[in-house]
>>> print(open('final-v2.txt').read())   # compact mmCIF, C-alpha atoms
# COMPACT_ATOMS: atom_id res chain seq x y z
CA MET A 27 86.03 19.56 -76.15
CA SER A 28 83.95 20.85 -73.31
CA THR A 29 80.94 19.04 -71.96
CA SER A 30 77.74 20.56 -70.52
CA PRO A 31 77.22 20.17 -66.78
CA SER A 32 75.09 17.21 -65.83
CA THR A 33 71.66 17.72 -64.40
CA SER A 34 71.77 17.98 -60.57
CA SER A 35 70.56 14.82 -58.92
CA SER A 36 68.38 14.69 -55.78
CA PHE A 37 68.18 12.08 -53.07
CA LEU A 38 64.36 12.03 -53.45
CA PRO A 39 63.40 12.51 -57.08
CA PHE A 40 60.04 14.20 -56.39
CA ASP A 41 59.55 15.00 -60.04
CA VAL A 42 59.74 11.33 -60.88
CA LEU A 43 57.41 10.38 -57.98
CA PHE A 44 54.79 12.95 -58.85
CA ASP A 45 54.99 11.95 -62.48
CA ASN A 46 53.80 8.54 -61.28
CA PRO A 47 49.97 8.70 -61.44
CA VAL A 48 49.55 6.05 -58.73
CA PHE A 49 51.67 7.96 -56.22
CA ALA A 50 50.16 11.31 -57.13
CA GLY A 51 46.64 9.94 -56.63
CA GLY A 52 47.54 8.39 -53.28
CA ALA A 53 49.16 11.59 -52.06
CA GLY A 54 46.13 13.55 -53.11
CA LEU A 55 43.82 11.20 -51.20
CA ALA A 56 46.08 11.38 -48.14
CA GLY A 57 46.03 15.13 -48.30
CA LEU A 58 42.28 15.17 -48.58
CA GLY A 59 42.01 12.75 -45.62
CA ALA A 60 44.29 14.89 -43.49
CA ALA A 61 42.35 18.00 -44.41
CA ALA A 62 39.08 16.25 -43.60
CA ALA A 63 40.44 15.07 -40.23
CA LEU A 64 41.60 18.58 -39.40
CA ALA A 65 38.28 20.00 -40.47
CA ARG A 66 36.42 17.41 -38.37
CA ARG A 67 38.55 18.19 -35.36
CA GLY A 68 37.95 21.86 -35.90
CA LEU A 69 34.22 21.34 -36.18
CA ILE A 70 34.19 19.30 -32.97
CA ARG A 71 36.15 21.92 -31.11
CA GLY A 72 34.04 24.66 -32.58
CA ALA A 73 30.83 22.86 -31.64
CA SER A 74 32.19 22.27 -28.15
CA LEU A 75 33.09 25.94 -27.86
CA ILE A 76 29.67 26.99 -29.09
CA LYS A 77 28.04 24.56 -26.69
CA ARG A 78 30.02 25.93 -23.77
CA ARG A 79 29.19 29.46 -24.79
CA LEU A 80 25.51 28.96 -25.62
CA LEU A 81 24.35 26.06 -23.41
CA ILE A 82 24.27 25.36 -19.69
CA ASP A 83 23.49 22.08 -17.94
CA VAL A 84 22.78 20.82 -14.44
CA GLU A 85 23.68 17.28 -13.37
CA ILE A 86 21.69 15.71 -10.53
CA PRO A 87 22.90 12.44 -8.94
CA LYS A 88 20.36 9.98 -7.64
CA GLN A 89 21.65 10.44 -4.09
CA ASP A 90 20.50 14.06 -4.14
CA PRO A 91 16.99 14.63 -2.71
CA SER A 92 16.02 16.74 -5.71
CA TYR A 93 16.42 13.72 -8.04
CA GLU A 94 12.98 12.32 -7.16
CA TRP A 95 11.51 15.82 -7.04
CA ILE A 96 12.56 16.56 -10.62
CA LEU A 97 11.28 13.20 -11.88
CA LYS A 98 7.85 13.93 -10.40
CA TRP A 99 7.94 17.43 -11.84
CA LEU A 100 8.76 16.03 -15.29
CA SER A 101 5.72 13.76 -15.00
CA LEU A 102 3.33 16.72 -14.87
CA PRO A 103 1.16 17.24 -17.96
CA ARG A 104 2.15 20.27 -20.03
CA PRO A 105 0.31 22.14 -22.79
CA GLN A 106 1.75 21.45 -26.23
CA ASN A 107 0.96 24.53 -28.24
CA GLY A 108 2.51 24.79 -31.66
CA PHE A 109 3.86 22.31 -34.20
CA ILE A 110 7.47 22.49 -32.99
CA THR A 111 6.50 21.89 -29.37
CA LYS A 112 4.31 18.92 -30.29
CA SER A 113 7.07 17.42 -32.43
CA LEU A 114 9.94 17.83 -29.95
CA THR A 115 8.36 17.31 -26.53
CA ARG A 116 7.20 13.72 -26.84
CA LEU A 117 8.08 11.04 -24.29
CA HIS A 118 8.59 7.65 -25.90
CA HIS A 119 9.82 5.77 -22.82
CA LEU A 120 8.08 5.77 -19.43
CA GLU A 121 8.85 4.09 -16.12
CA MET A 122 5.88 2.82 -14.11
CA SER A 123 5.61 3.32 -10.35
CA THR A 124 2.72 1.53 -8.61
CA LYS A 125 1.32 2.13 -5.13
CA VAL A 126 -0.98 -0.53 -3.69
CA PHE A 127 -3.55 0.31 -1.02
CA GLU A 128 -4.88 -2.65 0.94
CA ARG A 129 -8.12 -1.69 2.61
CA GLU A 130 -11.49 -3.23 3.14
CA GLY A 131 -12.85 -4.67 -0.08
CA PRO A 132 -10.87 -5.03 -3.33
CA ILE A 133 -7.23 -4.01 -3.38
CA SER A 134 -6.86 -0.59 -4.98
CA ALA A 135 -3.78 0.68 -6.75
CA ARG A 136 -2.50 3.95 -8.12
CA PHE A 137 -0.19 4.08 -11.13
CA PHE A 138 2.34 6.81 -11.85
CA GLY A 139 4.16 7.09 -15.16
CA ARG A 140 7.38 9.03 -15.04
CA PRO A 141 10.17 9.57 -17.58
CA GLY A 142 12.35 6.51 -18.12
CA TYR A 143 15.99 6.30 -19.14
CA GLY A 144 17.05 8.13 -22.28
CA LYS A 145 17.00 11.60 -23.82
CA TYR A 146 13.99 13.79 -24.45
CA ILE A 147 12.96 17.43 -24.51
CA VAL A 148 10.42 19.30 -22.41
CA ARG A 149 9.24 22.86 -22.63
CA HIS A 150 8.83 25.09 -19.58
CA LYS A 151 7.38 28.48 -20.33
CA ASN A 152 9.46 29.78 -23.29
CA ALA A 153 12.50 27.55 -22.72
CA PHE A 154 13.22 24.11 -24.17
CA ILE A 155 15.05 21.82 -21.74
CA SER A 156 16.92 18.71 -22.84
CA VAL A 157 16.64 15.89 -20.30
CA ASN A 158 19.05 12.96 -20.15
CA ARG A 159 18.43 10.23 -17.56
CA GLU A 160 21.05 7.50 -17.60
CA LYS A 161 22.57 4.74 -15.50
CA GLN A 162 26.25 4.86 -14.74
CA SER A 163 28.64 1.94 -15.05
CA SER A 164 29.52 2.25 -11.36
CA SER A 165 27.25 1.10 -8.54
CA ASN A 166 26.77 1.43 -4.80
CA MET A 167 29.29 -0.83 -3.06
CA THR A 168 26.84 -1.65 -0.26
CA THR A 169 23.57 -2.24 -2.11
CA GLY A 170 24.83 -2.96 -5.63
CA VAL A 171 22.32 -0.49 -7.12
CA PRO A 172 23.77 1.32 -10.17
CA HIS A 173 24.36 5.03 -9.85
CA GLU A 174 22.03 7.25 -11.86
CA THR A 175 22.25 10.84 -13.05
CA LEU A 176 19.72 13.27 -14.45
CA THR A 177 21.10 16.06 -16.65
CA LEU A 178 19.09 19.13 -17.64
CA THR A 179 20.41 21.32 -20.49
CA THR A 180 19.08 24.59 -21.87
CA LEU A 181 20.32 27.78 -23.53
CA TYR A 182 22.61 29.93 -21.42
CA ALA A 183 20.24 32.84 -21.99
CA HIS A 184 17.52 30.82 -20.19
CA ARG A 185 19.69 29.79 -17.23
CA GLU A 186 17.27 31.42 -14.77
CA ILE A 187 14.73 28.75 -15.65
CA PHE A 188 16.59 26.17 -13.55
CA GLU A 189 15.84 28.05 -10.33
CA GLU A 190 12.15 28.08 -11.21
CA VAL A 191 12.22 24.37 -12.05
CA PHE A 192 13.80 23.39 -8.73
CA MET A 193 11.48 25.67 -6.76
CA GLU A 194 8.40 24.19 -8.44
CA ALA A 195 9.69 20.64 -7.95
CA HIS A 196 10.33 21.31 -4.26
CA SER A 197 6.87 22.83 -3.80
CA LEU A 198 5.33 19.81 -5.50
CA ALA A 199 7.19 17.41 -3.18
CA ALA A 200 6.29 19.48 -0.11
CA SER A 201 2.61 19.52 -1.04
CA ALA A 202 2.66 15.72 -1.47
CA GLN A 203 3.98 15.35 2.11
CA GLU A 204 1.78 18.03 3.64
CA GLY A 205 -0.07 16.67 6.64
CA LYS A 206 2.22 13.64 6.84
CA THR A 207 5.20 12.50 8.89
CA VAL A 208 8.23 11.08 7.08
CA MET A 209 10.01 8.20 8.77
CA TYR A 210 13.70 7.50 8.09
CA THR A 211 15.76 4.40 8.79
CA VAL A 212 19.41 3.43 8.38
CA ASP A 213 20.57 2.33 4.92
CA GLY A 214 24.26 1.48 4.86
CA VAL A 215 26.05 4.58 6.12
CA GLY A 216 23.18 6.90 5.23
CA TRP A 217 19.47 7.38 5.68
CA THR A 218 16.52 6.35 3.54
CA LYS A 219 12.78 6.85 3.81
CA PHE A 220 11.00 4.07 5.70
CA GLY A 221 7.89 3.32 3.68
CA GLU A 222 5.41 5.96 2.62
CA PRO A 223 4.91 9.14 4.68
CA ARG A 224 2.31 8.59 7.39
CA LYS A 225 -0.57 10.83 8.23
CA LYS A 226 0.27 13.11 11.11
CA ARG A 227 -1.02 11.86 14.41
CA PRO A 228 -2.78 14.66 16.27
CA LEU A 229 -1.04 15.55 19.50
CA HIS A 230 -4.33 15.56 21.39
CA SER A 231 -4.86 11.91 20.45
CA VAL A 232 -2.03 10.86 22.81
CA ILE A 233 -3.31 11.05 26.37
CA LEU A 234 -0.56 11.32 28.98
CA ASP A 235 -0.86 12.14 32.65
CA ASP A 236 -1.83 15.67 33.62
CA GLY A 237 0.86 18.20 32.58
CA VAL A 238 3.40 15.67 31.24
CA LYS A 239 2.74 16.24 27.55
CA GLU A 240 2.59 20.01 27.89
CA ARG A 241 5.90 20.14 29.78
CA ILE A 242 7.79 18.26 27.05
CA VAL A 243 6.16 20.12 24.15
CA ASP A 244 6.85 23.53 25.70
CA ASP A 245 10.49 22.59 26.30
CA VAL A 246 11.03 21.41 22.73
CA LYS A 247 9.39 24.49 21.21
CA ASP A 248 11.45 26.74 23.49
CA PHE A 249 14.62 24.93 22.37
CA LEU A 250 13.81 25.46 18.69
CA LYS A 251 13.58 29.23 19.25
CA LEU A 252 16.96 29.58 20.98
CA GLN A 253 19.56 28.51 18.41
CA ASP A 254 21.29 31.92 18.45
CA TRP A 255 21.23 31.88 22.25
CA TYR A 256 23.07 28.54 22.30
CA VAL A 257 25.61 29.64 19.66
CA ASN A 258 26.41 32.95 21.34
CA ARG A 259 27.22 31.15 24.60
CA GLY A 260 29.23 28.35 22.98
CA ILE A 261 26.77 25.64 24.01
CA PRO A 262 26.22 22.73 21.60
CA TYR A 263 22.83 23.17 20.02
CA ARG A 264 21.24 19.83 20.84
CA ARG A 265 18.65 18.58 23.29
CA GLY A 266 18.12 15.10 24.71
CA TYR A 267 15.05 13.51 26.30
CA LEU A 268 14.59 10.15 28.01
CA LEU A 269 11.13 8.61 28.25
CA TYR A 270 10.94 5.55 30.47
CA GLY A 271 8.17 3.37 31.78
CA PRO A 272 6.41 0.04 31.17
CA PRO A 273 5.50 -1.10 27.65
CA GLY A 274 2.28 0.18 26.12
CA THR A 275 2.20 3.52 27.92
CA GLY A 276 2.51 5.70 24.80
CA LYS A 277 6.20 6.64 24.61
CA SER A 278 6.68 6.01 20.88
CA SER A 279 3.19 7.26 20.05
CA PHE A 280 3.88 10.55 21.78
CA ILE A 281 7.16 11.02 19.87
CA GLN A 282 5.39 10.44 16.56
CA ALA A 283 2.63 12.89 17.51
CA LEU A 284 5.22 15.45 18.62
CA ALA A 285 6.98 15.18 15.25
CA GLY A 286 3.68 15.87 13.53
CA GLU A 287 3.02 18.86 15.77
CA LEU A 288 6.44 20.34 14.90
CA ASP A 289 6.23 19.34 11.23
CA PHE A 290 9.33 17.18 11.71
CA GLY A 291 10.23 13.70 10.52
CA VAL A 292 11.51 10.83 12.67
CA SER A 293 14.92 9.17 12.18
CA MET A 294 15.03 5.77 13.87
CA ILE A 295 18.15 3.87 14.90
CA ASN A 296 18.20 0.38 16.34
CA LEU A 297 21.46 -0.01 18.24
CA SER A 298 21.16 -3.81 18.04
CA THR A 299 21.21 -3.86 14.23
CA ARG A 300 23.84 -6.11 12.71
CA GLY A 301 26.80 -4.17 11.41
CA MET A 302 26.22 -1.16 13.65
CA THR A 303 29.58 0.03 14.94
CA ASP A 304 30.82 3.03 16.91
CA ASP A 305 32.15 4.78 13.79
CA LYS A 306 28.99 4.10 11.79
CA LEU A 307 26.77 5.37 14.61
CA ALA A 308 28.82 8.56 14.95
CA LEU A 309 28.67 9.14 11.17
CA LEU A 310 24.90 8.59 11.05
CA LEU A 311 24.30 11.08 13.83
CA THR A 312 26.25 13.75 11.94
CA LYS A 313 24.22 13.13 8.76
CA LEU A 314 20.71 13.27 10.19
CA PRO A 315 18.04 14.41 7.71
CA ALA A 316 17.02 18.01 8.27
CA ARG A 317 14.07 18.71 10.56
CA THR A 318 13.88 15.25 12.07
CA ILE A 319 13.74 13.88 15.59
CA LEU A 320 16.33 11.23 16.38
CA LEU A 321 14.71 8.23 18.07
CA LEU A 322 16.75 5.59 19.90
CA GLU A 323 14.19 3.04 21.08
CA ASP A 324 14.95 0.56 23.85
CA ALA A 325 18.33 2.10 24.61
CA ASP A 326 19.02 -0.58 27.23
CA ALA A 327 18.56 -3.44 24.74
CA ALA A 328 21.82 -2.72 22.92
CA PHE A 329 23.93 -3.70 25.94
CA ARG A 330 21.87 -6.65 27.14
CA ASN A 331 23.11 -10.23 26.73
CA ARG A 332 25.96 -9.08 24.51
CA ARG A 333 28.08 -12.12 25.30
CA GLN A 334 25.48 -14.61 24.20
CA VAL A 335 26.18 -15.98 20.75
CA ASP A 336 23.34 -16.95 18.43
CA ALA A 337 23.28 -20.13 16.39
CA ASP A 338 24.62 -18.25 13.37
CA GLY A 339 27.49 -16.76 15.38
CA TYR A 340 25.97 -13.31 15.91
CA SER A 341 26.89 -12.03 19.36
CA GLY A 342 24.85 -8.85 19.45
CA SER A 343 25.51 -5.23 18.70
CA SER A 344 29.12 -4.11 18.26
CA VAL A 345 28.29 -0.59 19.51
CA THR A 346 30.21 0.01 22.71
CA PHE A 347 28.96 2.06 25.59
CA SER A 348 31.72 4.63 25.12
CA GLY A 349 30.90 4.75 21.41
CA LEU A 350 27.30 5.64 22.16
CA LEU A 351 28.36 8.33 24.63
CA ASN A 352 30.77 9.90 22.14
CA ALA A 353 28.16 9.83 19.37
CA LEU A 354 25.66 11.65 21.58
CA ASP A 355 27.97 14.16 23.23
CA GLY A 356 31.54 13.71 22.00
CA VAL A 357 33.92 16.12 20.27
CA ALA A 358 32.72 15.01 16.83
CA ALA A 359 29.03 14.79 17.78
CA GLY A 360 26.59 16.51 15.47
CA GLU A 361 24.56 19.57 16.43
CA GLU A 362 21.10 20.94 15.61
CA ARG A 363 19.59 17.75 16.99
CA ILE A 364 16.64 16.69 19.10
CA CYS A 365 17.16 13.19 20.46
CA PHE A 366 14.64 10.97 22.24
CA LEU A 367 15.68 7.79 24.03
CA THR A 368 13.10 5.31 25.29
CA THR A 369 13.51 2.41 27.68
CA ASN A 370 11.36 0.07 29.70
CA HIS A 371 14.10 -0.40 32.32
CA ILE A 372 15.80 2.81 33.38
CA ASP A 373 17.70 0.93 36.06
CA ARG A 374 19.73 -0.77 33.32
CA LEU A 375 21.08 2.52 31.99
CA ASP A 376 24.37 3.88 33.24
CA GLU A 377 24.34 7.28 34.92
CA ALA A 378 26.90 8.53 32.38
CA LEU A 379 24.34 8.04 29.60
CA ILE A 380 21.54 9.99 31.24
CA ARG A 381 23.54 12.86 32.68
CA PRO A 382 22.66 16.46 31.68
CA GLY A 383 24.14 17.31 28.31
CA ARG A 384 23.23 13.92 26.91
CA VAL A 385 19.78 13.70 28.46
CA ASP A 386 18.43 17.09 29.49
CA MET A 387 14.97 15.95 30.56
CA THR A 388 13.93 12.60 32.02
CA VAL A 389 10.22 11.86 32.10
CA ARG A 390 8.45 8.81 33.42
CA ILE A 391 5.42 7.71 31.43
CA GLY A 392 3.84 5.14 33.68
CA GLN A 393 0.66 3.16 34.05
CA ALA A 394 -2.70 4.63 33.18
CA THR A 395 -4.14 7.11 35.67
CA SER A 396 -7.72 8.24 36.15
CA HIS A 397 -6.87 11.43 34.23
CA GLN A 398 -5.72 9.41 31.21
CA ALA A 399 -8.64 6.98 31.40
CA ALA A 400 -11.09 9.89 31.46
CA GLY A 401 -9.40 11.59 28.51
CA MET A 402 -9.40 8.40 26.44
CA TRP A 403 -13.08 7.83 27.27
CA ASP A 404 -13.96 11.30 26.00
CA ARG A 405 -11.98 10.72 22.81
CA PHE A 406 -13.84 7.48 22.01
CA TYR A 407 -17.30 8.09 23.48
CA GLY A 408 -17.53 11.85 23.92
CA ASP A 409 -20.03 12.23 21.11
CA ILE A 410 -22.51 9.74 22.63
CA ASP A 411 -21.77 10.22 26.35
CA THR A 412 -22.88 13.83 26.32
CA ASP A 413 -23.68 14.09 30.04
CA GLY A 414 -20.51 12.30 31.22
CA ARG A 415 -22.36 9.65 33.24
CA GLY A 416 -20.81 6.82 31.29
CA ARG A 417 -17.35 8.15 32.01
CA GLU A 418 -18.07 8.31 35.74
CA ARG A 419 -19.34 4.72 35.70
CA PHE A 420 -16.21 3.57 33.86
CA LEU A 421 -13.82 5.33 36.25
CA LYS A 422 -15.73 3.97 39.23
CA ARG A 423 -15.43 0.48 37.75
CA LEU A 424 -11.65 0.83 37.38
CA GLU A 425 -11.35 2.09 40.95
CA ASP A 426 -13.36 -0.86 42.22
CA LEU A 427 -10.98 -3.18 40.37
CA GLY A 428 -8.04 -1.50 42.11
CA LEU A 429 -6.32 -0.34 38.91
CA PHE A 430 -5.49 3.14 40.18
CA GLY A 431 -2.73 3.50 42.74
CA ASN A 432 -2.75 -0.08 44.05
CA ASP A 433 -0.69 -3.15 43.32
CA LEU A 434 -2.67 -3.71 40.13
CA TYR A 435 -2.36 -1.42 37.15
CA THR A 436 -3.23 -1.17 33.48
CA SER A 437 -1.80 0.62 30.45
CA THR A 438 -3.25 3.10 28.01
CA ALA A 439 -2.66 0.54 25.26
CA ALA A 440 -4.91 -1.93 27.09
CA ILE A 441 -7.64 0.68 27.56
CA GLN A 442 -7.47 1.61 23.89
CA GLY A 443 -7.76 -2.06 22.95
CA LEU A 444 -10.87 -2.36 25.14
CA PHE A 445 -12.45 0.69 23.47
CA LEU A 446 -11.63 -0.57 19.99
CA PHE A 447 -13.33 -3.85 20.80
CA ASN A 448 -16.43 -1.96 21.96
CA LYS A 449 -16.85 0.75 19.35
CA ASP A 450 -19.95 2.85 20.13
CA ASN A 451 -20.79 0.47 22.98
CA MET A 452 -20.19 2.18 26.31
CA ASP A 453 -21.94 -0.47 28.35
CA GLY A 454 -19.85 -3.21 26.73
CA ALA A 455 -16.64 -1.37 27.61
CA ILE A 456 -17.72 -1.00 31.24
CA THR A 457 -18.79 -4.63 31.48
CA MET A 458 -15.49 -5.90 30.01
CA ALA A 459 -13.32 -3.59 32.14
CA GLU A 460 -12.22 -6.56 34.25
CA GLY A 461 -10.13 -7.64 31.27
CA LEU A 462 -7.83 -4.69 31.95
CA ILE A 463 -6.37 -6.48 34.96
CA PRO A 464 -2.90 -7.62 33.83
CA ARG A 465 -2.50 -11.35 33.42
CA ARG A 466 0.49 -13.22 34.72
CA TYR A 467 1.31 -16.27 32.69
CA GLU A 468 3.31 -19.07 34.28
CA PRO A 469 5.04 -21.87 32.38
CA GLU A 470 3.12 -25.10 32.22
CA PRO A 471 4.53 -27.91 34.41
CA VAL A 472 6.48 -30.57 32.57
CA VAL A 473 4.59 -33.86 32.62
CA GLY A 474 6.62 -37.06 32.44
CA VAL A 475 8.43 -39.78 34.32
CA LYS A 476 11.83 -38.98 35.75
CA THR A 477 14.49 -41.58 34.95
CA ARG A 478 18.18 -41.72 35.56
CA ALA A 479 20.46 -40.80 32.71
>>> encode(input="final-v2.txt", output="structure tokens")
Amino acid sequence: MSTSPSTSSSFLPFDVLFDNPVFAGGAGLAGLGAAAALARRGLIRGASLIKRRLLIDVEIPKQDPSYEWILKWLSLPRPQNGFITKSLTRLHHLEMSTKVFEREGPISARFFGRPGYGKYIVRHKNAFISVNREKQSSSNMTTGVPHETLTLTTLYAHREIFEEVFMEAHSLAASAQEGKTVMYTVDGVGWTKFGEPRKKRPLHSVILDDGVKERIVDDVKDFLKLQDWYVNRGIPYRRGYLLYGPPGTGKSSFIQALAGELDFGVSMINLSTRGMTDDKLALLLTKLPARTILLLEDADAAFRNRRQVDADGYSGSSVTFSGLLNALDGVAAGEERICFLTTNHIDRLDEALIRPGRVDMTVRIGQATSHQAAGMWDRFYGDIDTDGRGRERFLKRLEDLGLFGNDLYTSTAAIQGLFLFNKDNMDGAITMAEGLIPRRYEPEPVVGVKTRA
């Protein structure tokens, strides 16, 4: 008797599993979950592709100069025409910046509200720009201040709007500093603005001896015109000046006025600052802010009393003499630089420091002369001393005191102090001219009884 073949068996009885409603439901849910995950991934990739194709963004780190420019530009009031513009372009978080002005009378202040951290939208012309200002998790290793970024995003079709935004922001920043001199100081291994920009000091307000000011100004302006001449002849494009003389003769004041005349800033370095090393000095001189005059005040002070140790263990600047020379005129020295050194004691400077190439012009700015005294008198009293008789009386008084060309002398700072004390009072200034004679103070004798130790 023959038997029918048995049903073929399978290692995984799928028919039995799928006949189980619990398994079938779970498999269906798993399939739906996998499909949803794939769809989500596809949507994300599709959105990312669309974003890359349709949008463009610009990221601005806080270290970039344009960071503050854009923040001020974003603070400008803008017309909000239309329902969509009014609904989208609203700032819900502001950061307050306060400037205090201490003058005569009550203290006045000015408040500036600028966009805070977060995301918002602004409209410029026909383009909507998404703004995202955020703090990063990293921070500056020297100061500990968190890094910040500002990201601007708009449609790729409106990409030209970024150039307009940056140009307007730069013009706004330039107009805010118009008529002012920006001072820079060392911050870590870089530069930062030193306080608020100062009003330009007129060059004619600094009275130097006859021809001194004109000679320096003409040389600097001639240097600024000859960059191609220097490059074509393989000469490093930099110029150095040394101003020396007693304190209070107008060295620093002249440099500040010269910067205003050239529409330059001033970058100041104190060689005696703690932490200043040869490498740091060389790096700073290669990263000078554009259109600034480098000022090294009291160049002799950095190498004075360097072996004396303070109570806290500080033994003075760690900048070596060779390090200073290499920073000014070494192989790695920066170019496109105007450098001014000042000192009260030129005899303390080594000849290698003030040789041509490092110092191209050495000018002595000494005690006040009759030419300077007359010029300062006209600046203070020219509007009331119309016939010049008061000036002649004042100069005659200084000559009688022996302050011109004799053992005695006075400084322009002392004369200015006398005039400030006697505003609109010519006779008072002439009467008090004897106070211009320099005083020599001697230590008081020690009073006591000497005893054996």
>>> atom_distance(input="final-v2.txt", atom1="atom CA of A:His397", atom2="atom CA of A:Ala285")
23.8 Å
>>> residues_around(input="final-v2.txt", residues="A:Pro262", least_positions_apart="3", cutoff="10 Å", atoms="all atoms listed in the file", output="list of chain:residue names")
A:Gln253, A:Tyr256, A:Val257, A:Arg259, A:Arg265, A:Asp355, A:Ala359, A:Gly360, A:Glu361, A:Glu362, A:Arg363, A:Gly383
>>> closest_atom_pairs(input="final-v2.txt", of="stretch 221-265 of chain A", to="stretch 403-421 of chain A", cutoff="10 Å", atoms="only C-alpha atoms", output="CSV")
residue,atom,partner,partner_atom,distance
A:His230,CA,A:Arg405,CA,9.2
A:Ser231,CA,A:Arg405,CA,7.6
A:Val232,CA,A:Arg405,CA,10.0
A:Ile233,CA,A:Arg405,CA,9.4
>>> closest_residue(input="final-v2.txt", among="A:Ile86, A:Ala378, A:Ala61, A:Ile187", to="A:Glu174", atoms="all atoms listed in the file")
A:Ile86
>>> closest_atom_pairs(input="final-v2.txt", of="stretch 230-307 of chain A", to="stretch 205-223 of chain A", cutoff="8 Å", atoms="only C-alpha atoms", output="JSON lines")
{"residue": "A:Gln282", "atom": "CA", "partner": "A:Thr207", "partner_atom": "CA", "distance": 7.9}
{"residue": "A:Ala285", "atom": "CA", "partner": "A:Thr207", "partner_atom": "CA", "distance": 7.1}
{"residue": "A:Gly286", "atom": "CA", "partner": "A:Thr207", "partner_atom": "CA", "distance": 5.9}
{"residue": "A:Asp289", "atom": "CA", "partner": "A:Thr207", "partner_atom": "CA", "distance": 7.3}
{"residue": "A:Phe290", "atom": "CA", "partner": "A:Thr207", "partner_atom": "CA", "distance": 6.8}
{"residue": "A:Gly291", "atom": "CA", "partner": "A:Val208", "partner_atom": "CA", "distance": 4.8}
{"residue": "A:Val292", "atom": "CA", "partner": "A:Met209", "partner_atom": "CA", "distance": 4.9}
{"residue": "A:Ser293", "atom": "CA", "partner": "A:Tyr210", "partner_atom": "CA", "distance": 4.6}
{"residue": "A:Met294", "atom": "CA", "partner": "A:Thr211", "partner_atom": "CA", "distance": 5.3}
{"residue": "A:Ile295", "atom": "CA", "partner": "A:Thr211", "partner_atom": "CA", "distance": 6.6}
{"residue": "A:Lys306", "atom": "CA", "partner": "A:Val215", "partner_atom": "CA", "distance": 6.4}
>>> closest_residue(input="final-v2.txt", among="A:Val385, A:Ala183, A:Ile441, A:Val345", to="A:Gly401", atoms="all atoms listed in the file")
A:Ile441
>>> atom_distance(input="final-v2.txt", atom1="atom CA of A:Thr388", atom2="atom CA of A:Asp248")
16.7 Å
>>> closest_residue(input="final-v2.txt", among="A:Arg227, A:Arg149, A:Lys98, A:Arg423", to="A:Ile281", atoms="all atoms listed in the file")
A:Arg227
>>> atom_distance(input="final-v2.txt", atom1="atom CA of A:Ser278", atom2="atom CA of A:Met402")
17.2 Å
>>> closest_residue(input="final-v2.txt", among="A:Arg300, A:Gly266, A:Ser279, A:Arg317", to="A:Ile380", atoms="only C-alpha atoms")
A:Gly266
>>> closest_residue(input="final-v2.txt", among="A:Gly72, A:Gly349, A:Gly274, A:Gly237", to="A:Asp304", atoms="all atoms listed in the file")
A:Gly349
>>> closest_residue(input="final-v2.txt", among="A:Leu229, A:Ile319, A:Ala200, A:Leu81", to="A:His184", atoms="only C-alpha atoms")
A:Leu81
>>> residues_around(input="final-v2.txt", residues="A:Ala325", least_positions_apart="3", cutoff="10 Å", atoms="all atoms listed in the file", output="PDB file with C-alpha atoms, in the coordinates of the input")
ATOM      1  CA  LEU A 268      14.590  10.150  28.010  1.00  0.00           C
ATOM      2  CA  ILE A 295      18.150   3.870  14.900  1.00  0.00           C
ATOM      3  CA  ASN A 296      18.200   0.380  16.340  1.00  0.00           C
ATOM      4  CA  LEU A 297      21.460  -0.010  18.240  1.00  0.00           C
ATOM      5  CA  SER A 298      21.160  -3.810  18.040  1.00  0.00           C
ATOM      6  CA  LEU A 321      14.710   8.230  18.070  1.00  0.00           C
ATOM      7  CA  LEU A 322      16.750   5.590  19.900  1.00  0.00           C
ATOM      8  CA  ALA A 328      21.820  -2.720  22.920  1.00  0.00           C
ATOM      9  CA  PHE A 329      23.930  -3.700  25.940  1.00  0.00           C
ATOM     10  CA  ARG A 330      21.870  -6.650  27.140  1.00  0.00           C
ATOM     11  CA  LEU A 350      27.300   5.640  22.160  1.00  0.00           C
ATOM     12  CA  PHE A 366      14.640  10.970  22.240  1.00  0.00           C
ATOM     13  CA  LEU A 367      15.680   7.790  24.030  1.00  0.00           C
ATOM     14  CA  THR A 368      13.100   5.310  25.290  1.00  0.00           C
ATOM     15  CA  THR A 369      13.510   2.410  27.680  1.00  0.00           C
ATOM     16  CA  ASN A 370      11.360   0.070  29.700  1.00  0.00           C
ATOM     17  CA  HIS A 371      14.100  -0.400  32.320  1.00  0.00           C
ATOM     18  CA  ILE A 372      15.800   2.810  33.380  1.00  0.00           C
ATOM     19  CA  ARG A 374      19.730  -0.770  33.320  1.00  0.00           C
ATOM     20  CA  LEU A 375      21.080   2.520  31.990  1.00  0.00           C
ATOM     21  CA  LEU A 379      24.340   8.040  29.600  1.00  0.00           C
TER      22      LEU A 379
END
>>> residues_around(input="final-v2.txt", residues="A:Ser197", least_positions_apart="6", cutoff="12 Å", atoms="only C-alpha atoms", output="list in words")
Ser92, Trp95, Ile96, Lys98, Trp99, Glu190, Val191, Gln203 and Glu204 of chain A
